[in-house]
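Participant: This is the structure I have questions about; it appears just below.
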Amino acid sequence: MEIKISSTTKNKSDKLKTTNKLSTDINNNIINNEEEFSPLLGKHHIESFNYAFTNILPLLHKYIRPIEIPAPRNHQSDFNKLLISFEGFELEKPVVETKNELGSLIKQPLYPHECREREMNYSAPLFAKIRRKFDSTADEYFNVKLGSIPIMVKSEFCNLHNLNNNECVKLKEDHNDFGGYFIVNG
């Protein structure tokens with residue numbers, strides 16, 4: 001018995017072989033060039049995070065309207081109205097706060113490996129600059145911590161940013177780590 005293979009079946013078979021070969025070539029090329037390729041894996045995540053917190057965050061306060069609070073009607077008050085507004089936001093780098101022998105607060109850089117070991121979030125404090133004005137008095141400015149924001153590993157806000165492989169290894173980090181992720185609860 002003779003089996004006839006149609007030309008469309010041959011074409012599909014040839015396409016499949018070509019696709020498989022192409023896939024194998026790409027995989028081999030990636031494996032052979034891992035040092036060049038792996039930093040690209042998280043790059044788009046890091047660039048998006050950096051853009052949001054270096055370009056968007058500084059402008060955000062302009063879109064939040066000031067709040068005007070009238071004095072309570074039933075109580076004697078020292079003012080007629082209070083005006084509160086956001087004047088800016090600032091995201092710092094991750095720090096761990098400890099006290100020294102004298103009881104003074106010391107801020108030290110927090111690194112991703114510490115968060116993994118201590119089952120912590122790798123995050124940084126977010127501060128808002130607030131403007132407060134009572135009636136016609138002079139404006140008062142002060143900073144308020146709003147909370148903590150998770151920091152993407154290897155972003156501009158990460159303490160590993162711009163460190164070379166040897167410096168990362170000294171800080172107990174994997175030299176092959178390309179970043180682009182968050183550490184939550186270790």
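Chains: A, B, ... in order of the structure tokens. Residues: from 1 per chain. Ligands: from 1, in order shown.
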Give me the residues near Leu60 (chain A) as a list in words, where near means some atom within 9 Å (using only C-alpha atoms) and where sequence neighbours in that chain fewer than 4 positions away do not count.
Facilitator: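 Near neighbours after the sequence-gap exclusion: Ile56, Ile64, Gly88 and Phe89 of chain A.
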Participant: Neighbours of region 91-96 of chain A within 6 Å (only C-alpha atoms; same-chain residues fewer than 3 positions away dropped), as a list in words?
Facilitator: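 Near region 91-96 of chain A, the qualifying residues are Lys107, Gln108, Pro109, Leu110, Ser123, Ala124, Pro125, Leu126 and Phe157 of chain A.
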Participant: Write a file of the selected residues as a compact mmCIF listing (two decimals), in the first residue's frame, keeping all heavy atoms.
Facilitator:
```txt
# COMPACT_ATOMS: atom_id res chain seq x y z
N LYS A 107 19.54 55.76 60.93
CA LYS A 107 18.98 55.19 59.70
C LYS A 107 20.11 54.57 58.91
O LYS A 107 21.09 55.22 58.60
CB LYS A 107 18.30 56.27 58.87
CG LYS A 107 17.03 56.81 59.46
CD LYS A 107 16.38 57.80 58.52
CE LYS A 107 15.09 58.32 59.08
NZ LYS A 107 14.43 59.26 58.15
N GLN A 108 19.94 53.28 58.57
CA GLN A 108 20.92 52.57 57.76
C GLN A 108 20.23 52.02 56.52
O GLN A 108 19.05 51.65 56.59
CB GLN A 108 21.54 51.44 58.56
CG GLN A 108 22.34 51.90 59.75
CD GLN A 108 22.89 50.74 60.55
OE1 GLN A 108 22.18 49.79 60.84
NE2 GLN A 108 24.16 50.83 60.92
N PRO A 109 20.95 51.93 55.40
CA PRO A 109 20.34 51.38 54.18
C PRO A 109 19.84 49.95 54.42
O PRO A 109 20.48 49.17 55.11
CB PRO A 109 21.48 51.38 53.16
CG PRO A 109 22.49 52.33 53.69
CD PRO A 109 22.34 52.32 55.18
N LEU A 110 18.67 49.66 53.87
CA LEU A 110 18.09 48.33 53.95
C LEU A 110 18.27 47.67 52.58
O LEU A 110 17.97 48.28 51.55
CB LEU A 110 16.60 48.42 54.30
CG LEU A 110 15.82 47.13 54.38
CD1 LEU A 110 16.32 46.25 55.52
CD2 LEU A 110 14.33 47.43 54.58
N SER A 123 10.56 48.02 51.31
CA SER A 123 9.77 49.22 51.03
C SER A 123 10.48 50.46 51.56
O SER A 123 11.43 50.36 52.34
CB SER A 123 8.38 49.09 51.66
OG SER A 123 8.49 48.92 53.06
N ALA A 124 9.98 51.61 51.13
CA ALA A 124 10.58 52.88 51.52
C ALA A 124 9.47 53.84 51.95
O ALA A 124 8.34 53.75 51.48
CB ALA A 124 11.36 53.46 50.37
N PRO A 125 9.81 54.79 52.82
CA PRO A 125 8.80 55.75 53.28
C PRO A 125 8.44 56.76 52.19
O PRO A 125 9.29 57.23 51.45
CB PRO A 125 9.47 56.43 54.47
CG PRO A 125 10.93 56.22 54.30
CD PRO A 125 11.09 54.96 53.50
N LEU A 126 7.14 57.07 52.14
CA LEU A 126 6.63 58.10 51.25
C LEU A 126 6.21 59.29 52.10
O LEU A 126 5.40 59.13 53.03
CB LEU A 126 5.43 57.57 50.45
CG LEU A 126 4.71 58.58 49.56
CD1 LEU A 126 5.64 59.06 48.43
CD2 LEU A 126 3.44 57.99 48.99
N PHE A 157 15.24 53.61 43.14
CA PHE A 157 15.00 53.78 44.57
C PHE A 157 15.55 52.62 45.39
O PHE A 157 15.49 52.64 46.61
CB PHE A 157 13.50 53.97 44.84
CG PHE A 157 12.98 55.24 44.24
CD1 PHE A 157 12.45 55.25 42.96
CD2 PHE A 157 13.07 56.43 44.94
CE1 PHE A 157 12.00 56.43 42.40
CE2 PHE A 157 12.62 57.61 44.38
CZ PHE A 157 12.09 57.62 43.10
```
Participant: Pick out the residues sitting within 9 Å of Val184 (chain A), and hand them over as a list in words; count only C-alpha atoms, and ignore anything fewer than 3 positions along from it in its own chain.
Facilitator: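 Residues near the query, excluding close chain neighbours: Cys115, Arg116, Glu119, Met120, Asn121, Tyr122, Ser123 and Pro150 of chain A.
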Participant: Which of these, A:Cys158, A:Ile130, A:Leu57, A:Cys168, has the shortest distance to Lys145 (chain A) once you count only C-alpha atoms?
Facilitator: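 Comparing A:Cys158, A:Ile130, A:Leu57, A:Cys168 against Lys145 (chain A), the winner is A:Ile130.
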Participant: What lies within 7 Å of Ile67 (chain A) using only C-alpha atoms, ignoring chain neighbours under 5 positions off, as a PyMOL selection string?
Facilitator: chain A and resi 83-85
Participant: List every residue of region 7-182 of chain A that DSSP, applied to the backbone, labels as strand (DSSP E or B), and write the result as an MDAnalysis selection string.
Facilitator: chainID A and resid 67:70 81:91 95:99 105:109 123:134 140:150
Participant: Got a sec: who's within 12 Å of Glu173 (chain A), counting only C-alpha atoms, leaving out chain neighbours fewer than 2 positions off, as an mmCIF file with N, CA and C atoms, in the first residue's frame?
Facilitator:
```cif
data_model
loop_
_atom_site.group_PDB
_atom_site.id
_atom_site.type_symbol
_atom_site.label_atom_id
_atom_site.label_comp_id
_atom_site.auth_asym_id
_atom_site.auth_seq_id
_atom_site.Cartn_x
_atom_site.Cartn_y
_atom_site.Cartn_z
ATOM 1 N N TYR A 111 18.758 46.436 52.582
ATOM 2 C CA TYR A 111 19.021 45.725 51.336
ATOM 3 C C TYR A 111 18.047 44.560 51.172
ATOM 4 N N PRO A 112 17.798 44.152 49.922
ATOM 5 C CA PRO A 112 16.838 43.071 49.664
ATOM 6 C C PRO A 112 17.119 41.780 50.438
ATOM 7 N N HIS A 113 18.381 41.384 50.575
ATOM 8 C CA HIS A 113 18.675 40.122 51.264
ATOM 9 C C HIS A 113 18.229 40.160 52.717
ATOM 10 N N GLU A 114 18.320 41.338 53.351
ATOM 11 C CA GLU A 114 17.871 41.469 54.740
ATOM 12 C C GLU A 114 16.360 41.240 54.841
ATOM 13 N N CYS A 115 15.632 41.741 53.863
ATOM 14 C CA CYS A 115 14.175 41.573 53.861
ATOM 15 C C CYS A 115 13.805 40.109 53.650
ATOM 16 N N ARG A 116 14.555 39.425 52.806
ATOM 17 C CA ARG A 116 14.281 38.000 52.592
ATOM 18 C C ARG A 116 14.530 37.221 53.879
ATOM 19 N N GLU A 117 15.656 37.503 54.537
ATOM 20 C CA GLU A 117 16.023 36.781 55.757
ATOM 21 C C GLU A 117 15.096 37.090 56.924
ATOM 22 N N VAL A 153 13.157 45.906 43.134
ATOM 23 C CA VAL A 153 14.579 45.582 43.211
ATOM 24 C C VAL A 153 15.284 46.041 41.933
ATOM 25 N N LYS A 154 16.402 46.740 42.101
ATOM 26 C CA LYS A 154 17.279 47.302 41.069
ATOM 27 C C LYS A 154 16.718 48.567 40.417
ATOM 28 N N ASN A 159 18.502 50.291 46.943
ATOM 29 C CA ASN A 159 19.871 50.524 47.405
ATOM 30 C C ASN A 159 20.915 49.752 46.597
ATOM 31 N N LEU A 160 20.480 48.864 45.715
ATOM 32 C CA LEU A 160 21.407 48.137 44.840
ATOM 33 C C LEU A 160 21.601 48.834 43.496
ATOM 34 N N LEU A 163 25.038 49.466 41.457
ATOM 35 C CA LEU A 163 26.146 48.703 42.033
ATOM 36 C C LEU A 163 26.586 47.645 41.031
ATOM 37 N N ASN A 164 27.886 47.382 40.963
ATOM 38 C CA ASN A 164 28.361 46.339 40.061
ATOM 39 C C ASN A 164 28.187 44.971 40.729
ATOM 40 N N ASN A 165 28.464 43.912 39.986
ATOM 41 C CA ASN A 165 28.256 42.536 40.483
ATOM 42 C C ASN A 165 29.052 42.258 41.749
ATOM 43 N N ASN A 166 30.310 42.713 41.812
ATOM 44 C CA ASN A 166 31.139 42.465 42.998
ATOM 45 C C ASN A 166 30.574 43.156 44.235
ATOM 46 N N GLU A 167 30.090 44.374 44.070
ATOM 47 C CA GLU A 167 29.497 45.101 45.198
ATOM 48 C C GLU A 167 28.220 44.409 45.668
ATOM 49 N N CYS A 168 27.434 43.894 44.733
ATOM 50 C CA CYS A 168 26.205 43.173 45.097
ATOM 51 C C CYS A 168 26.528 41.899 45.876
ATOM 52 N N VAL A 169 27.552 41.181 45.445
ATOM 53 C CA VAL A 169 27.949 39.941 46.134
ATOM 54 C C VAL A 169 28.406 40.259 47.557
ATOM 55 N N LYS A 170 29.131 41.350 47.750
ATOM 56 C CA LYS A 170 29.563 41.759 49.098
ATOM 57 C C LYS A 170 28.368 42.049 50.007
ATOM 58 N N LEU A 171 27.250 42.450 49.403
ATOM 59 C CA LEU A 171 26.022 42.736 50.164
ATOM 60 C C LEU A 171 25.098 41.520 50.239
ATOM 61 N N HIS A 175 24.699 37.777 42.097
ATOM 62 C CA HIS A 175 25.247 38.596 41.014
ATOM 63 C C HIS A 175 24.465 38.434 39.712
ATOM 64 N N ASN A 176 23.651 37.384 39.588
ATOM 65 C CA ASN A 176 22.832 37.179 38.392
ATOM 66 C C ASN A 176 21.441 37.800 38.516
ATOM 67 N N ASP A 177 21.134 38.388 39.660
ATOM 68 C CA ASP A 177 19.802 38.966 39.876
ATOM 69 C C ASP A 177 19.621 40.186 38.989
ATOM 70 N N PHE A 178 18.611 40.174 38.135
ATOM 71 C CA PHE A 178 18.370 41.279 37.218
ATOM 72 C C PHE A 178 17.300 42.245 37.711
ATOM 73 N N GLY A 179 16.646 41.931 38.836
ATOM 74 C CA GLY A 179 15.666 42.849 39.424
ATOM 75 C C GLY A 179 14.334 42.825 38.693
#
```
Participant: For Asn80 (chain A), please output as a PDB file with C-alpha atoms, in the first residue's frame all residues within 9 Å (counting only C-alpha atoms; exclusion window: fewer than 4 positions along the same chain).
Facilitator:
```
ATOM      1  CA  ILE A  69     -12.040  73.787  56.545  1.00  0.00           C
ATOM      2  CA  PRO A  70     -14.343  76.348  58.175  1.00  0.00           C
ATOM      3  CA  ALA A  71     -14.166  76.863  61.929  1.00  0.00           C
ATOM      4  CA  PRO A  72     -16.732  74.854  63.915  1.00  0.00           C
ATOM      5  CA  PHE A 134      -4.979  79.732  59.219  1.00  0.00           C
ATOM      6  CA  ASP A 135      -6.996  82.754  57.978  1.00  0.00           C
TER       7      ASP A 135
END
```
Participant: So how many Å separate CA of His45 (chain A) and CA of Glu90 (chain A), to one decimal?
Facilitator: 20.6 Å
Participant: Report, in Å with one decimal, the straight-line distance from CA of Asn143 (chain A) to CA of Lys129 (chain A).
Facilitator: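 Atom-to-atom, CA of Asn143 (chain A) and CA of Lys129 (chain A) are spaced 4.5 Å apart.
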Participant: Using Å and a single decimal, report how far CA of Arg118 (chain A) sits from CA of Asn185 (chain A).
Facilitator: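 Separation between CA of Asn185 (chain A) and CA of Arg118 (chain A): 8.3 Å.
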Participant: In region 25-131 of chain A, what's helix (DSSP H, G or I) per DSSP? Answer as number ranges by chain?
Facilitator: A: 25-32, 34-41, 43-63, 112-118
Participant: Which neighbours of Ser155 (chain A) fall inside 7 Å, counting only C-alpha atoms, when residues of the same chain fewer than 5 positions from it are skipped, and could you give them as a ChimeraX atom specification?
Facilitator: /A:46,50,161
Participant: With all heavy atoms retained, export the selected residues as a compact mmCIF listing (two decimals), in the first residue's frame.
Facilitator:
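Written file, selection-v1.txt:
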```
# COMPACT_ATOMS: atom_id res chain seq x y z
N ILE A 46 11.41 47.72 35.55
CA ILE A 46 12.19 48.72 36.28
C ILE A 46 11.99 50.10 35.67
O ILE A 46 11.80 51.09 36.39
CB ILE A 46 13.69 48.32 36.29
CG1 ILE A 46 13.88 47.04 37.11
CG2 ILE A 46 14.56 49.45 36.83
CD1 ILE A 46 15.24 46.40 36.98
N ASN A 50 10.50 53.30 37.65
CA ASN A 50 11.29 54.53 37.72
C ASN A 50 10.52 55.72 37.16
O ASN A 50 10.52 56.80 37.75
CB ASN A 50 12.62 54.38 36.98
CG ASN A 50 13.59 53.47 37.69
OD1 ASN A 50 13.46 53.20 38.88
ND2 ASN A 50 14.56 52.98 36.96
N HIS A 161 20.84 49.89 43.25
CA HIS A 161 20.90 50.59 41.97
C HIS A 161 22.32 51.08 41.69
O HIS A 161 22.96 51.67 42.55
CB HIS A 161 19.92 51.77 41.97
CG HIS A 161 19.87 52.52 40.68
ND1 HIS A 161 19.36 51.96 39.53
CD2 HIS A 161 20.28 53.76 40.34
CE1 HIS A 161 19.45 52.84 38.55
NE2 HIS A 161 20.01 53.93 39.02
```
